[in-house]
file entry_7.cif (mmCIF, C-alpha atoms (C1' of nucleotides))
data_protein
loop_
_atom_site.label_atom_id
_atom_site.label_comp_id
_atom_site.auth_asym_id
_atom_site.auth_seq_id
_atom_site.Cartn_x
_atom_site.Cartn_y
_atom_site.Cartn_z
CA MET A 27 0.00 0.00 0.00
CA PRO A 28 2.16 2.75 -1.26
CA GLU A 29 1.53 5.93 0.68
CA LEU A 30 3.73 9.02 0.75
CA PRO A 31 6.89 7.42 2.23
CA GLU A 32 6.77 4.48 -0.18
CA VAL A 33 6.21 6.75 -3.18
CA GLN A 34 9.00 9.06 -2.01
CA THR A 35 11.32 6.04 -1.83
CA VAL A 36 10.40 5.07 -5.39
CA VAL A 37 10.88 8.60 -6.73
CA SER A 38 14.31 8.92 -5.09
CA ASP A 39 15.29 5.54 -6.53
CA LEU A 40 14.15 6.53 -10.02
CA ASN A 41 16.20 9.71 -9.91
CA ARG A 42 19.21 7.71 -8.85
CA LYS A 43 18.75 4.88 -11.35
CA ILE A 44 17.21 6.12 -14.60
CA LYS A 45 17.54 9.90 -14.71
CA GLY A 46 19.10 10.89 -18.03
CA ASP A 47 18.31 7.57 -19.68
CA VAL A 48 16.22 7.15 -22.82
CA ILE A 49 13.07 5.03 -22.98
CA THR A 50 13.50 2.72 -25.95
CA ASP A 51 10.41 0.52 -25.88
CA PHE A 52 7.32 -0.42 -23.97
CA TRP A 53 5.35 -3.62 -23.44
CA SER A 54 2.07 -4.24 -21.65
CA GLU A 55 -0.13 -7.21 -20.88
CA TRP A 56 -2.77 -4.95 -19.37
CA PRO A 57 -3.30 -1.93 -21.64
CA LYS A 58 -6.44 -1.04 -19.69
CA ALA A 59 -4.15 0.61 -17.18
CA ILE A 60 -3.09 3.11 -19.82
CA ASN A 61 -5.39 6.09 -19.66
CA GLY A 62 -6.41 8.16 -22.62
CA LYS A 63 -4.70 6.42 -25.53
CA SER A 64 -4.15 3.11 -27.24
CA LEU A 65 -1.18 0.90 -26.49
CA ASP A 66 0.18 1.64 -29.95
CA ALA A 67 -0.10 5.39 -29.61
CA PHE A 68 1.41 5.22 -26.12
CA LYS A 69 4.36 3.21 -27.37
CA LYS A 70 5.01 5.60 -30.26
CA GLU A 71 4.79 8.63 -28.02
CA ILE A 72 7.12 7.39 -25.32
CA LYS A 73 9.86 5.87 -27.45
CA GLY A 74 13.00 7.98 -27.68
CA ARG A 75 12.20 10.27 -24.76
CA LYS A 76 14.76 10.97 -22.10
CA VAL A 77 13.95 10.78 -18.39
CA LEU A 78 14.52 14.26 -16.97
CA GLU A 79 13.23 14.03 -13.41
CA ALA A 80 10.89 12.03 -11.21
CA ARG A 81 8.75 13.86 -8.66
CA ARG A 82 5.61 13.26 -6.68
CA ILE A 83 2.58 14.90 -5.09
CA GLY A 84 1.09 12.78 -2.32
CA LYS A 85 1.00 9.24 -3.64
CA ASN A 86 1.16 10.35 -7.28
CA ILE A 87 4.31 9.84 -9.37
CA PHE A 88 5.29 12.16 -12.22
CA ILE A 89 8.19 11.35 -14.50
CA ASP A 90 9.08 14.36 -16.65
CA LEU A 91 10.35 13.41 -20.08
CA SER A 92 12.06 15.29 -22.87
CA GLY A 93 9.86 17.08 -25.38
CA GLY A 94 7.52 18.49 -22.75
CA LYS A 95 5.84 15.20 -21.89
CA THR A 96 5.17 13.70 -18.48
CA LEU A 97 4.48 10.12 -17.51
CA TYR A 98 1.98 10.05 -14.68
CA ILE A 99 1.77 6.86 -12.62
CA HIS A 100 -0.45 5.92 -9.71
CA LEU A 101 0.49 2.68 -7.96
CA LYS A 102 -2.90 2.37 -6.23
CA MET A 103 -2.86 -0.60 -3.85
CA THR A 104 -0.48 -3.28 -5.01
CA GLY A 105 1.62 -1.50 -7.60
CA HIS A 106 5.36 -1.04 -7.45
CA LEU A 107 8.13 -0.25 -9.91
CA LEU A 108 11.18 -2.46 -10.33
CA ILE A 109 14.34 -1.25 -12.01
CA LYS A 110 16.31 -4.15 -13.41
CA GLN A 111 19.66 -4.14 -15.11
CA LYS A 112 20.38 -6.93 -17.55
CA ALA A 113 22.51 -9.78 -16.23
CA GLU A 114 21.89 -8.53 -12.73
CA SER A 115 21.05 -11.21 -10.20
CA ASN A 116 18.99 -9.99 -7.36
CA GLY A 117 17.29 -12.41 -4.99
CA TYR A 118 14.43 -10.04 -4.29
CA PHE A 119 13.12 -10.03 -7.84
CA SER A 120 12.01 -13.65 -7.50
CA ASP A 121 9.73 -12.87 -4.54
CA ARG A 122 6.10 -13.65 -5.17
CA VAL A 123 5.01 -10.00 -4.83
CA ASN A 124 7.41 -9.02 -7.63
CA GLN A 125 5.99 -11.49 -10.13
CA TYR A 126 2.92 -9.58 -11.29
CA ILE A 127 4.64 -7.69 -14.10
CA ARG A 128 1.94 -5.95 -16.16
CA HIS A 129 4.05 -3.38 -18.02
CA ILE A 130 7.70 -3.07 -19.01
CA PHE A 131 9.53 0.12 -20.00
CA HIS A 132 12.82 -0.62 -21.75
CA ILE A 133 15.35 1.98 -20.74
CA GLY A 134 18.75 2.73 -22.17
CA LYS A 135 20.85 -0.17 -23.36
CA ASP A 136 20.29 -2.67 -20.61
CA LYS A 137 17.68 -1.52 -18.10
CA THR A 138 13.97 -2.02 -17.60
CA MET A 139 11.42 -0.39 -15.37
CA GLU A 140 8.80 -3.05 -14.65
CA PHE A 141 5.41 -2.27 -13.16
CA SER A 142 4.31 -5.13 -10.88
CA ASP A 143 0.66 -4.80 -9.95
CA MET A 144 -1.16 -7.83 -8.62
CA ARG A 145 -4.59 -6.30 -8.54
CA LYS A 146 -4.27 -4.27 -11.73
CA PHE A 147 -5.56 -1.05 -10.19
CA GLY A 148 -2.49 0.93 -11.20
CA LYS A 149 -2.83 3.78 -13.64
CA ILE A 150 -0.53 5.16 -16.35
CA VAL A 151 -1.03 8.38 -18.31
CA LEU A 152 1.27 10.03 -20.83
CA ASP A 153 0.61 13.56 -22.00
CA ASP A 154 1.98 17.09 -22.23
CA THR A 155 3.37 18.16 -18.86
CA GLU A 156 0.81 20.98 -18.56
CA LYS A 157 -2.05 18.66 -19.45
CA ILE A 158 -1.02 16.21 -16.76
CA SER A 159 -1.21 19.00 -14.17
CA GLU A 160 -4.68 19.80 -15.45
CA LEU A 161 -6.00 16.25 -15.01
CA LYS A 162 -8.87 16.40 -12.59
CA GLU A 163 -7.40 13.79 -10.28
CA VAL A 164 -4.15 15.76 -10.14
CA LYS A 165 -5.70 19.20 -9.97
CA LYS A 166 -7.83 18.41 -6.97
CA LEU A 167 -5.00 17.00 -4.87
CA GLY A 168 -4.62 18.67 -1.51
CA ILE A 169 -1.37 19.99 -0.12
CA ASP A 170 1.41 17.41 0.10
CA ALA A 171 1.98 16.33 3.69
CA MET A 172 5.78 16.64 3.43
CA SER A 173 5.97 19.80 1.36
CA ALA A 174 7.48 22.98 2.75
CA GLU A 175 4.14 24.73 2.19
CA PHE A 176 2.40 22.39 4.60
CA THR A 177 3.09 24.42 7.73
CA PHE A 178 1.36 24.24 11.09
CA ARG A 179 -0.48 27.42 10.22
CA LYS A 180 -1.80 25.77 7.07
CA PHE A 181 -2.80 22.62 8.95
CA ASN A 182 -4.61 24.71 11.54
CA GLU A 183 -6.50 26.52 8.78
CA ILE A 184 -7.54 23.19 7.29
CA LEU A 185 -8.92 22.04 10.66
CA ASP A 186 -10.81 25.32 11.01
CA ARG A 187 -12.24 24.89 7.54
CA LYS A 188 -13.24 21.25 8.11
CA GLN A 189 -14.87 21.73 11.54
CA LYS A 190 -17.20 18.75 11.26
CA ALA A 191 -14.76 16.27 9.77
CA VAL A 192 -13.76 13.19 11.75
CA ILE A 193 -9.99 13.43 12.10
CA GLY A 194 -9.32 9.76 11.27
CA ILE A 195 -11.09 10.26 7.95
CA LEU A 196 -9.82 13.77 7.25
CA LEU A 197 -6.17 12.72 7.47
CA MET A 198 -6.72 10.27 4.61
CA ASP A 199 -8.63 12.68 2.38
CA GLN A 200 -6.27 13.23 -0.55
CA GLU A 201 -8.15 16.32 -1.65
CA THR A 202 -7.37 17.99 1.67
CA ILE A 203 -3.90 16.70 2.57
CA SER A 204 -2.25 14.32 0.13
CA GLY A 205 0.00 11.42 1.00
CA ILE A 206 -1.46 9.80 4.11
CA GLY A 207 -3.26 6.45 3.76
CA ASN A 208 -4.56 3.81 6.08
CA ILE A 209 -1.28 2.77 7.69
CA TYR A 210 0.06 6.20 8.56
CA ARG A 211 -3.22 7.72 9.72
CA SER A 212 -3.33 5.15 12.50
CA GLU A 213 0.36 5.52 13.35
CA VAL A 214 0.20 9.31 13.32
CA LEU A 215 -2.87 9.51 15.54
CA TYR A 216 -1.36 7.06 18.01
CA ASP A 217 1.86 9.05 18.10
CA ALA A 218 -0.13 12.19 18.89
CA ASP A 219 -2.39 10.50 21.48
CA ILE A 220 -5.49 11.55 19.61
CA SER A 221 -8.52 9.34 18.97
CA PRO A 222 -9.40 8.84 15.29
CA LYS A 223 -13.01 9.55 16.21
CA ARG A 224 -12.42 13.14 17.33
CA LYS A 225 -13.90 15.96 15.26
CA ALA A 226 -11.59 18.60 13.87
CA ALA A 227 -13.40 21.35 15.75
CA ASP A 228 -12.85 19.58 19.08
CA LEU A 229 -9.06 19.52 18.79
CA SER A 230 -7.37 22.02 21.09
CA LEU A 231 -4.45 24.12 19.91
CA ASP A 232 -2.14 21.77 21.79
CA ASP A 233 -3.75 18.70 20.16
CA ARG A 234 -3.30 20.29 16.76
CA LYS A 235 0.35 21.03 17.37
CA ARG A 236 1.05 17.49 18.53
CA LEU A 237 -0.82 16.08 15.57
CA TYR A 238 1.06 18.24 13.09
CA ASP A 239 4.39 17.27 14.64
CA SER A 240 3.40 13.60 14.55
CA ILE A 241 2.48 13.77 10.85
CA ARG A 242 5.87 15.21 9.98
CA ARG A 243 7.83 13.00 12.35
CA ILE A 244 6.20 9.68 11.43
CA LEU A 245 6.36 10.32 7.68
CA LYS A 246 9.97 11.42 7.96
CA LEU A 247 10.88 8.29 9.90
CA ALA A 248 9.01 6.10 7.40
CA ILE A 249 10.87 7.71 4.49
CA LYS A 250 14.15 7.07 6.30
CA LEU A 251 13.15 3.40 6.70
CA ARG A 252 12.18 3.24 3.01
CA GLY A 253 8.49 2.74 3.67
CA THR A 254 6.27 -0.02 4.96
CA SER A 255 6.16 -3.50 3.43
CA ASP A 256 3.22 -4.87 5.33
CA SER A 257 2.27 -6.96 2.32
CA ASP A 258 2.83 -6.03 -1.30
CA TYR A 259 4.96 -2.93 -1.41
CA ARG A 260 8.60 -3.22 -2.49
CA ASP A 261 11.21 -0.65 -3.52
CA THR A 262 12.72 -0.47 -7.02
CA SER A 263 15.18 -3.25 -6.13
CA GLY A 264 12.31 -5.45 -5.05
CA ALA A 265 13.40 -5.10 -1.42
CA PRO A 266 10.98 -4.53 1.46
CA GLY A 267 10.96 -1.36 3.52
CA GLY A 268 11.55 -1.27 7.24
CA PHE A 269 8.75 0.74 8.83
CA GLN A 270 6.62 -2.34 9.58
CA LYS A 271 9.22 -3.26 12.19
CA VAL A 272 8.46 -0.14 14.17
CA MET A 273 4.71 0.01 13.65
CA LYS A 274 2.94 0.60 16.93
CA VAL A 275 -0.75 0.12 16.18
CA TYR A 276 -1.43 -0.77 12.54
CA LYS A 277 -2.55 -4.42 12.49
CA GLN A 278 -1.49 -4.71 16.12
CA GLN A 279 -4.99 -5.27 17.51
CA GLY A 280 -5.02 -7.44 20.62
CA LYS A 281 -1.43 -6.56 21.45
CA LYS A 282 -0.32 -4.50 24.40
CA CYS A 283 0.12 -0.77 24.00
CA GLY A 284 3.75 0.20 24.58
CA LYS A 285 2.76 3.40 26.34
CA CYS A 286 -0.03 2.47 28.76
CA GLY A 287 -0.12 -1.34 28.73
CA GLY A 288 -3.71 -1.34 27.47
CA THR A 289 -4.87 -3.31 24.45
CA ILE A 290 -4.72 -2.05 20.86
CA GLU A 291 -8.12 -2.15 19.18
CA ARG A 292 -9.33 -2.26 15.63
CA GLU A 293 -12.51 -0.66 14.33
CA LYS A 294 -14.10 0.06 11.01
CA MET A 295 -14.08 3.69 9.99
CA GLY A 296 -15.63 4.33 6.64
CA GLN A 297 -15.05 0.80 5.44
CA ARG A 298 -11.42 0.67 6.38
CA SER A 299 -9.80 -0.55 9.54
CA VAL A 300 -8.44 1.97 11.97
CA PHE A 301 -6.14 0.89 14.81
CA PHE A 302 -5.70 2.71 18.11
CA CYS A 303 -5.13 2.46 21.85
CA PRO A 304 -8.30 3.47 23.70
CA GLY A 305 -6.21 4.18 26.79
CA CYS A 306 -3.77 6.66 25.27
CA GLN A 307 -5.89 8.16 22.53
CA ALA A 308 -8.59 10.32 24.05
"C1'" DA B 21 -14.78 -24.42 -1.49
"C1'" DG B 22 -17.19 -20.35 -0.68
"C1'" DT B 23 -16.72 -16.14 2.02
"C1'" DT B 24 -14.28 -12.41 3.82
"C1'" DG B 25 -10.63 -9.04 4.34
"C1'" DT B 26 -7.28 -6.27 2.14
"C1'" DG B 27 -6.98 -0.44 0.60
"C1'" DT B 28 -6.85 3.59 -3.28
"C1'" DT B 29 -9.73 5.96 -5.87
"C1'" DG B 30 -13.74 7.22 -8.67
"C1'" DA B 31 -18.35 6.91 -9.58
"C1'" DA B 32 -22.96 6.25 -8.28
"C1'" DG B 33 -26.58 6.64 -5.05
"C1'" DA B 34 -28.87 9.00 -1.01
"C1'" DA C 9 -22.68 19.83 -0.66
"C1'" DT C 10 -21.61 15.63 1.84
"C1'" DC C 11 -21.97 11.22 3.16
"C1'" DT C 12 -22.25 6.17 2.16
"C1'" DT C 13 -21.76 2.24 -0.70
"C1'" DC C 14 -19.98 -0.17 -4.44
"C1'" DA C 15 -16.91 -1.44 -8.24
"C1'" DA C 16 -12.41 -1.96 -10.29
"C1'" DC C 17 -9.39 -6.77 -9.49
"C1'" DA C 18 -6.65 -10.67 -7.34
"C1'" DC C 19 -5.33 -13.45 -3.78
"C1'" DA C 20 -4.51 -15.09 1.03
"C1'" DA C 21 -6.63 -16.67 4.98
"C1'" DC C 22 -10.24 -18.67 7.13
#
call {"tool": "encode", "arguments": {"input": "entry_7.cif", "output": "structure tokens"}}
result
Amino acid sequence: MPELPEVQTVVSDLNRKIKGDVITDFWSEWPKAINGKSLDAFKKEIKGRKVLEARRIGKNIFIDLSGGKTLYIHLKMTGHLLIKQKAESNGYFSDRVNQYIRHIFHIGKDKTMEFSDMRKFGKIVLDDTEKISELKEVKKLGIDAMSAEFTFRKFNEILDRKQKAVIGILLMDQETISGIGNIYRSEVLYDADISPKRKAADLSLDDRKRLYDSIRRILKLAIKLRGTSDSDYRDTSGAPGGFQKVMKVYKQQGKKCGKCGGTIEREKMGQRSVFFCPGCQA
DNA sequence: AGTTGTGTTGAAGA
DNA sequence: ATCTTCAACACAAC
């Protein structure tokens, strides 16, 4: 489940591994993932373009290419990108989760970028850079949770604007703040000692400050640990991240809370599971 | 062996 | 406007 830290890891890897390289060919067994044009047209349009820079907003990946084009990729739930070099032996690539290769970008002389996506929810769009920014799903994205613009002041304004919103749901709303998904909303709220059920309007100034600090701290730590590989997510080498080793509440229901000794609970919020400690999180 | 849980997002329904 | 539910799809666990 690639959320902001996982996508950040991928984007950093791409800039390290394929920046400056030319895309020479493309193959797909699931052209339905390609939005807006046929497989043939896509192939023609991408061939020969150089990778200038990878970047992201929230969980959305943008790979800027030469000639004013941008490749927009959303990994959705089970997607991840693998960069392989020919004749390279890497034990990770044979893992089950890395076997669902739906699309292959041939890059340079001897590299590929392979899109593994078990559930085929992933999305690929290629268009003019400006047109990609104008896509409705891109345009409506809220402020990125790790961007410099996402200050406490801004966060406080959002909470004032969304008075009635339940905080556990609001944190995951990509149109408000982009980047936080189901894993990190639970971890962040636990870190801040705030119940997911609280309403935005009911959070005191002190609560808000703790929550903001927790968002930044947890995401930063998760980026440092190269994301969470609870199930499907892998980095571009096919290797798992490390955040699952330090997870405190996500999927920890029934276990003891490290802070108060109480029991971690799981509940449905929306139709997703939220995890929390009823003792610590008031 | 059928049912359920898994989570991101968009669309449809209320 | 805003909330809820479902559908996209595949597989593991029960």
call {"tool": "residues_near_point", "arguments": {"input": "entry_7.cif", "point": "(5.8, 1.7, -26.3)", "cutoff": "7 Å", "atoms": "only C-alpha atoms (C1' of nucleotides)", "output": "ChimeraX atom specification"}}
result
/A:51-53,66,68-70,72-73
call {"tool": "residues_around", "arguments": {"input": "entry_7.cif", "residues": "C:DC17", "least_positions_apart": "6", "cutoff": "8 Å", "atoms": "only C-alpha atoms (C1' of nucleotides)", "output": "list in words"}}
result
Arg145, Lys146 and Phe147 of chain A
call {"tool": "resolve_selection", "arguments": {"input": "entry_7.cif", "expression": "the PyMOL selection byres ((chain A) within 9 of (chain B))", "output": "ChimeraX atom specification"}}
result
/A:27,101-103,147,207-208,298
call {"tool": "interface_residues", "arguments": {"input": "entry_7.cif", "of": "chain C", "to": "chain A", "cutoff": "9 Å", "atoms": "all atoms listed in the file", "output": "PDB file with C-alpha atoms (C1' of nucleotides), keeping the file's coordinate frame"}}
result
ATOM      1  C1'  DT C  12     -22.250   6.170   2.160  1.00  0.00           C
ATOM      2  C1'  DA C  16     -12.410  -1.960 -10.290  1.00  0.00           C
ATOM      3  C1'  DC C  17      -9.390  -6.770  -9.490  1.00  0.00           C
ATOM      4  C1'  DA C  18      -6.650 -10.670  -7.340  1.00  0.00           C
ATOM      5  C1'  DC C  19      -5.330 -13.450  -3.780  1.00  0.00           C
TER       6       DC C  19
END
call {"tool": "residues_around", "arguments": {"input": "entry_7.cif", "residues": "C:DT10", "least_positions_apart": "4", "cutoff": "12 Å", "atoms": "all atoms listed in the file", "output": "ChimeraX atom specification"}}
result
/A:188,190-191 /B:34
call {"tool": "resolve_selection", "arguments": {"input": "entry_7.cif", "expression": "the PyMOL selection byres ((chain A and resi 128) around 10)", "output": "list in words"}}
result
Trp53, Ser54, Glu55, Trp56, Pro57, Ala59, Gly105, Gln125, Tyr126, Ile127, His129, Ile130, Glu140, Phe141, Ser142, Asp143, Met144, Lys146 and Gly148 of chain A
call {"tool": "atom_distance", "arguments": {"input": "entry_7.cif", "atom1": "atom CA of A:Glu293", "atom2": "atom CA of A:Ile203"}}
result
22.7 Å
call {"tool": "atom_distance", "arguments": {"input": "entry_7.cif", "atom1": "atom CA of A:Ile209", "atom2": "atom CA of A:Phe176"}}
result
20.2 Å
call {"tool": "residues_around", "arguments": {"input": "entry_7.cif", "residues": "A:Tyr210", "least_positions_apart": "3", "cutoff": "8 Å", "atoms": "only C-alpha atoms (C1' of nucleotides)", "output": "MDAnalysis selection string"}}
result
chainID A and resid 206:207 213:214 244:245
call {"tool": "closest_residue", "arguments": {"input": "entry_7.cif", "among": "A:Leu152, A:Gln34, A:Gly268, A:Asn124", "to": "A:Lys63", "atoms": "all atoms listed in the file"}}
result
A:Leu152
call {"tool": "atom_distance", "arguments": {"input": "entry_7.cif", "atom1": "atom CA of A:Arg242", "atom2": "atom CA of A:Ala174"}}
result
10.7 Å
call {"tool": "residues_around", "arguments": {"input": "entry_7.cif", "residues": "A:Asn61", "least_positions_apart": "4", "cutoff": "7 Å", "atoms": "all atoms listed in the file", "output": "list in words"}}
result
Lys149, Ile150 and Val151 of chain A
call {"tool": "write_last_selection", "arguments": {"input": "entry_7.cif", "atoms": "C-alpha atoms", "output": "CSV table (one decimal), in the frame of the given file"}}
result
chain,number,residue,atom,x,y,z
A,149,LYS,CA,-2.8,3.8,-13.6
A,150,ILE,CA,-0.5,5.2,-16.4
A,151,VAL,CA,-1.0,8.4,-18.3
call {"tool": "decode", "arguments": {"input": "entry_7.cif", "residues": "stretch 88-99 of chain A", "atoms": "C-alpha atoms", "output": "PDB file, in the first residue's frame"}}
result
ATOM      1  CA  PHE A  88       5.294  12.159 -12.221  1.00  0.00           C
ATOM      2  CA  ILE A  89       8.188  11.353 -14.501  1.00  0.00           C
ATOM      3  CA  ASP A  90       9.076  14.358 -16.652  1.00  0.00           C
ATOM      4  CA  LEU A  91      10.353  13.409 -20.080  1.00  0.00           C
ATOM      5  CA  SER A  92      12.064  15.294 -22.867  1.00  0.00           C
ATOM      6  CA  GLY A  93       9.864  17.084 -25.383  1.00  0.00           C
ATOM      7  CA  GLY A  94       7.520  18.491 -22.754  1.00  0.00           C
ATOM      8  CA  LYS A  95       5.842  15.205 -21.890  1.00  0.00           C
ATOM      9  CA  THR A  96       5.169  13.698 -18.479  1.00  0.00           C
ATOM     10  CA  LEU A  97       4.482  10.123 -17.512  1.00  0.00           C
ATOM     11  CA  TYR A  98       1.977  10.052 -14.682  1.00  0.00           C
ATOM     12  CA  ILE A  99       1.770   6.864 -12.621  1.00  0.00           C
TER      13      ILE A  99
END
